[in-house]
2 protein chains.
Amino acid sequence: MTTSGSEQLLRGAGLRVTRPRTAVLDAVHAFPHADTESIIGAVRRGLPEVSHQAVYDSLAALTEAGLVRRIQPSGSVARYESRINDNHHHVVCRTCGAIADVDCAVGHAPCLTASDDSGFRIDEAEVIYWGQCPACSTASAQQ
Amino acid sequence: MTTSGSEQLLRGAGLRVTRPRTAVLDAVHAFPHADTESIIGAVRRGLPEVSHQAVYDSLAALTEAGLVRRIQPSGSVARYESRINDNHHHVVCRTCGAIADVDCAVGHAPCLTASDDSGFRIDEAEVIYWGQCPACSTASAQQ
DNA sequence: CGCGTTTTCTTGAACGAGTCAAGAAAACGC
DNA sequence: GCGTTTTCTTGACTCGTTCAAGAAAACGCG
């Protein structure tokens with residue numbers, strides 16, 4: 001993802017193009033599932049003076065515009081990713097918190113339809129698989 | 001759920017039986033999906049002097065023992081429920097945060113198997129449906 | 001029942017992700 | 001360029017949750 005590509009995305013979404021925003025969007029592309037603090041760090045490598053608030057604001061604007069997606073498994077801080085609109089899910093390591101992408105199990109439908117929606121108008125189904133990543137799984141098996 | 005029933009559950013799980021714990025367990029049974037502050041309030045109706053820390057500790061012990069389940073949709077504080085071990089999921093209102101139970105879509109299997117687990121050893125699949133509850137849906141349709 | 005050990009509870013401080021607010025600076029349409 | 005609108009900087013602050021130390025309660029055992 002080049003900065004000019006990010007610029008295109010921002011304009012396309014009707015957002016003003018600012019240096020913090022392009023840098024944040026670049027960072028989310030570069031580091032999928034990064035938390036806000038990591039994103040602040042990545043942004044500051046190219047733009048040392050950005051305030052944390054600018055990053056928070058940018059992430060909120062980008063999320064609102066649908067350019068990034070915010071995920072937040074229980075017990076984790078907010079994380080962001082740029083893979084959007086493809087109905088993928090996540091697997092989270094209970095031990096170290098690592099996150100990996102998972103495509104929807106059976107095509108796209110089954111997880112999206114509740115058996116009884118209690119009258120709710122459902123627009124999204126979010127699936128989080130919990131378990132252990134390969135490294136933690138190996139580590140715990142060895143003792 | 002009577003207090004003596006809660007006592008049974010605690011003993012069965014190998015936990016010491018204390019007044020805060022039975023009260024917390026009762027409260028979680030009485031108010032499904034309640035957050036910690038609501039549980040503190042409910043517990044204090046019968047036990048006015050409990051500290052908030054005792055409630056936090058009790059909830060942690062009960063969660064650890066598998067007597068209650070902790071859920072925490074993005075943007076929400078921690079919530080607890082006593083319906084456990086039946087693989088049910090939740091639907092959350094984007095507008096007011098209301099939560100309702102949802103049985104798993106197709107029997108029990110489909111949501112539990114990732115198509116590609118990236119080497120993770122998965123032990124649970126958590127599904128959160130996002131949408132609007134009947135009340136908020138009606139309210140937003142009217143304007 | 002009483003005792004000692006272990007766990008839990010009380011009290012109060014602290015942490016940290018995230019938010020709020022006011023003014024300065026930057027973006028963008030004209 | 002210019003003016004309006006949005007965004008960014010700075011810094012304080014909120015609030016759910018956790019940490020820590022000592023007091024109190026639970027429970028196994030004699």
# chains A, B, ... in the order shown; residues from 1 in each chain; ligands from 1
>>> interface_residues(of="chain A", to="chain B", cutoff="10 Å", atoms="only C-alpha atoms", output="ChimeraX atom specification")
/A:70-78,89-94,99-107,110-137
>>> interface_residues(of="chain A", to="chain C", cutoff="10 Å", atoms="only C-alpha atoms (C1' of nucleotides)", output="PyMOL selection string")
chain A and resi 16-19+36-37+53+56+77-78
>>> write_last_selection(atoms="all heavy atoms", output="mmCIF file, in the first residue's frame")
data_model
loop_
_atom_site.group_PDB
_atom_site.id
_atom_site.type_symbol
_atom_site.label_atom_id
_atom_site.label_comp_id
_atom_site.auth_asym_id
_atom_site.auth_seq_id
_atom_site.Cartn_x
_atom_site.Cartn_y
_atom_site.Cartn_z
ATOM 1 N N ARG A 16 -11.123 14.065 4.094
ATOM 2 C CA ARG A 16 -10.001 14.957 3.810
ATOM 3 C C ARG A 16 -8.701 14.180 3.905
ATOM 4 O O ARG A 16 -8.553 13.286 4.727
ATOM 5 C CB ARG A 16 -9.958 16.095 4.817
ATOM 6 C CG ARG A 16 -11.060 17.090 4.591
ATOM 7 C CD ARG A 16 -10.748 18.365 5.319
ATOM 8 N NE ARG A 16 -11.799 19.344 5.097
ATOM 9 C CZ ARG A 16 -11.786 20.567 5.615
ATOM 10 N NH1 ARG A 16 -10.787 20.932 6.400
ATOM 11 N NH2 ARG A 16 -12.763 21.409 5.360
ATOM 12 N N VAL A 17 -7.765 14.536 3.066
ATOM 13 C CA VAL A 17 -6.479 13.853 3.055
ATOM 14 C C VAL A 17 -5.501 14.623 3.930
ATOM 15 O O VAL A 17 -5.197 15.782 3.653
ATOM 16 C CB VAL A 17 -5.932 13.760 1.616
ATOM 17 C CG1 VAL A 17 -4.554 13.116 1.622
ATOM 18 C CG2 VAL A 17 -6.900 12.996 0.732
ATOM 19 N N THR A 18 -5.060 14.000 4.987
ATOM 20 C CA THR A 18 -4.067 14.629 5.859
ATOM 21 C C THR A 18 -2.926 13.655 6.067
ATOM 22 O O THR A 18 -3.076 12.460 5.857
ATOM 23 C CB THR A 18 -4.666 14.982 7.233
ATOM 24 O OG1 THR A 18 -4.969 13.773 7.931
ATOM 25 C CG2 THR A 18 -5.946 15.800 7.073
ATOM 26 N N ARG A 19 -1.805 14.195 6.494
ATOM 27 C CA ARG A 19 -0.651 13.328 6.682
ATOM 28 C C ARG A 19 -0.905 12.278 7.759
ATOM 29 O O ARG A 19 -0.592 11.102 7.535
ATOM 30 C CB ARG A 19 0.582 14.172 7.005
ATOM 31 C CG ARG A 19 0.784 15.301 5.972
ATOM 32 C CD ARG A 19 2.160 15.312 5.419
ATOM 33 N NE ARG A 19 3.068 16.081 6.262
ATOM 34 C CZ ARG A 19 4.394 15.881 6.278
ATOM 35 N NH1 ARG A 19 4.914 14.922 5.527
ATOM 36 N NH2 ARG A 19 5.152 16.625 7.049
ATOM 37 N N THR A 36 -3.670 0.108 18.871
ATOM 38 C CA THR A 36 -3.504 1.541 18.649
ATOM 39 C C THR A 36 -2.083 2.001 18.966
ATOM 40 O O THR A 36 -1.505 2.790 18.222
ATOM 41 C CB THR A 36 -4.504 2.324 19.512
ATOM 42 O OG1 THR A 36 -5.809 1.792 19.285
ATOM 43 C CG2 THR A 36 -4.499 3.790 19.141
ATOM 44 N N GLU A 37 -1.536 1.491 20.039
ATOM 45 C CA GLU A 37 -0.193 1.925 20.412
ATOM 46 C C GLU A 37 0.838 1.560 19.347
ATOM 47 O O GLU A 37 1.726 2.353 19.025
ATOM 48 C CB GLU A 37 0.197 1.296 21.752
ATOM 49 C CG GLU A 37 1.458 1.885 22.324
ATOM 50 C CD GLU A 37 1.644 1.518 23.802
ATOM 51 O OE1 GLU A 37 0.648 1.133 24.452
ATOM 52 O OE2 GLU A 37 2.770 1.612 24.289
ATOM 53 N N GLN A 53 -3.845 11.544 19.939
ATOM 54 C CA GLN A 53 -5.237 11.886 19.647
ATOM 55 C C GLN A 53 -5.506 11.894 18.146
ATOM 56 O O GLN A 53 -6.573 11.481 17.695
ATOM 57 C CB GLN A 53 -5.566 13.257 20.244
ATOM 58 C CG GLN A 53 -7.041 13.603 20.196
ATOM 59 C CD GLN A 53 -7.885 12.609 20.953
ATOM 60 O OE1 GLN A 53 -7.429 12.015 21.916
ATOM 61 N NE2 GLN A 53 -9.096 12.389 20.506
ATOM 62 N N TYR A 56 -5.999 8.342 17.181
ATOM 63 C CA TYR A 56 -7.329 7.891 17.604
ATOM 64 C C TYR A 56 -8.406 8.456 16.681
ATOM 65 O O TYR A 56 -9.299 7.743 16.233
ATOM 66 C CB TYR A 56 -7.603 8.309 19.054
ATOM 67 C CG TYR A 56 -7.084 7.326 20.081
ATOM 68 C CD1 TYR A 56 -5.889 7.549 20.744
ATOM 69 C CD2 TYR A 56 -7.790 6.172 20.382
ATOM 70 C CE1 TYR A 56 -5.401 6.646 21.679
ATOM 71 C CE2 TYR A 56 -7.319 5.259 21.323
ATOM 72 C CZ TYR A 56 -6.116 5.494 21.971
ATOM 73 O OH TYR A 56 -5.642 4.608 22.884
ATOM 74 N N VAL A 77 -7.071 -4.969 23.775
ATOM 75 C CA VAL A 77 -7.362 -3.593 23.399
ATOM 76 C C VAL A 77 -7.832 -3.594 21.950
ATOM 77 O O VAL A 77 -7.803 -4.633 21.295
ATOM 78 C CB VAL A 77 -6.118 -2.706 23.567
ATOM 79 C CG1 VAL A 77 -5.692 -2.678 25.017
ATOM 80 C CG2 VAL A 77 -4.992 -3.186 22.686
ATOM 81 N N ALA A 78 -8.248 -2.454 21.444
ATOM 82 C CA ALA A 78 -8.758 -2.375 20.077
ATOM 83 C C ALA A 78 -7.652 -2.660 19.075
ATOM 84 O O ALA A 78 -6.512 -2.224 19.258
ATOM 85 C CB ALA A 78 -9.356 -0.995 19.820
#
>>> closest_residue(among="D:DC8, D:DT14, D:DA26, D:DC2", to="chain A", atoms="only C-alpha atoms (C1' of nucleotides)")
D:DC8
>>> interface_residues(of="chain D", to="chain A", cutoff="12 Å", atoms="only C-alpha atoms (C1' of nucleotides)", output="NGL selection string")
:D and (5-11 or 17)
>>> select_by_dssp(residues="chain A", states="strand (DSSP E)", output="PyMOL selection string")
chain A and resi 34-35+69-71+79-81+89-93+99-102+121-132
>>> select_by_dssp(residues="chain A", states="helix (DSSP H, G or I)", output="PyMOL selection string")
chain A and resi 3-12+19-30+36-46+52-65+110-112+134-141
>>> atom_distance(atom1="atom CA of B:Thr22", atom2="atom CA of B:Leu10")
7.7 Å
>>> residues_around(residues="A:Gly12", least_positions_apart="4", cutoff="12 Å", atoms="only C-alpha atoms (C1' of nucleotides)", output="ChimeraX atom specification")
/A:5-8,16-17,62,65-67
>>> write_last_selection(atoms="N, CA, C and O atoms", output="mmCIF file, in the first residue's frame")
data_model
loop_
_atom_site.group_PDB
_atom_site.id
_atom_site.type_symbol
_atom_site.label_atom_id
_atom_site.label_comp_id
_atom_site.auth_asym_id
_atom_site.auth_seq_id
_atom_site.Cartn_x
_atom_site.Cartn_y
_atom_site.Cartn_z
ATOM 1 N N GLY A 5 -1.688 5.521 -2.797
ATOM 2 C CA GLY A 5 -2.851 4.647 -2.790
ATOM 3 C C GLY A 5 -3.771 4.967 -1.636
ATOM 4 O O GLY A 5 -4.995 5.008 -1.799
ATOM 5 N N SER A 6 -3.192 5.233 -0.485
ATOM 6 C CA SER A 6 -4.003 5.602 0.672
ATOM 7 C C SER A 6 -4.745 6.898 0.407
ATOM 8 O O SER A 6 -5.909 7.047 0.788
ATOM 9 N N GLU A 7 -4.060 7.811 -0.260
ATOM 10 C CA GLU A 7 -4.687 9.082 -0.591
ATOM 11 C C GLU A 7 -5.944 8.849 -1.424
ATOM 12 O O GLU A 7 -7.001 9.416 -1.164
ATOM 13 N N GLN A 8 -5.797 7.986 -2.430
ATOM 14 C CA GLN A 8 -6.943 7.632 -3.275
ATOM 15 C C GLN A 8 -8.097 7.112 -2.431
ATOM 16 O O GLN A 8 -9.247 7.506 -2.598
ATOM 17 N N ARG A 16 -11.123 14.065 4.094
ATOM 18 C CA ARG A 16 -10.001 14.957 3.810
ATOM 19 C C ARG A 16 -8.701 14.180 3.905
ATOM 20 O O ARG A 16 -8.553 13.286 4.727
ATOM 21 N N VAL A 17 -7.765 14.536 3.066
ATOM 22 C CA VAL A 17 -6.479 13.853 3.055
ATOM 23 C C VAL A 17 -5.501 14.623 3.930
ATOM 24 O O VAL A 17 -5.197 15.782 3.653
ATOM 25 N N LEU A 62 -11.513 6.484 9.824
ATOM 26 C CA LEU A 62 -11.303 5.405 8.853
ATOM 27 C C LEU A 62 -12.282 4.256 9.108
ATOM 28 O O LEU A 62 -12.806 3.650 8.168
ATOM 29 N N ALA A 65 -15.687 5.316 8.004
ATOM 30 C CA ALA A 65 -15.788 5.338 6.546
ATOM 31 C C ALA A 65 -15.720 3.939 5.945
ATOM 32 O O ALA A 65 -15.926 3.755 4.748
ATOM 33 N N GLY A 66 -15.388 2.958 6.763
ATOM 34 C CA GLY A 66 -15.321 1.587 6.258
ATOM 35 C C GLY A 66 -13.995 1.240 5.595
ATOM 36 O O GLY A 66 -13.888 0.220 4.928
ATOM 37 N N LEU A 67 -12.981 2.067 5.785
ATOM 38 C CA LEU A 67 -11.685 1.771 5.169
ATOM 39 C C LEU A 67 -10.860 0.817 6.027
ATOM 40 O O LEU A 67 -9.945 0.164 5.532
#
>>> residues_around(residues="B:Val43", least_positions_apart="6", cutoff="7 Å", atoms="only C-alpha atoms (C1' of nucleotides)", output="list in words")
Ala23, Val24 and Ala27 of chain B
>>> write_last_selection(atoms="N, CA, C and O atoms", output="compact mmCIF listing (two decimals), in the first residue's frame")
# COMPACT_ATOMS: atom_id res chain seq x y z
N ALA B 23 -23.99 -14.68 46.64
CA ALA B 23 -24.79 -13.54 46.20
C ALA B 23 -24.47 -13.18 44.75
O ALA B 23 -25.37 -12.87 43.96
N VAL B 24 -23.19 -13.24 44.39
CA VAL B 24 -22.81 -12.92 43.02
C VAL B 24 -23.39 -13.96 42.06
O VAL B 24 -23.96 -13.62 41.02
N ALA B 27 -26.97 -13.33 41.63
CA ALA B 27 -27.21 -12.14 40.81
C ALA B 27 -27.02 -12.44 39.33
O ALA B 27 -27.80 -11.97 38.49
>>> atom_distance(atom1="atom CA of B:Leu25", atom2="atom CA of B:Gly97")
22.9 Å
>>> atom_distance(atom1="atom CA of B:Ala139", atom2="atom CA of A:Gly14")
28.2 Å
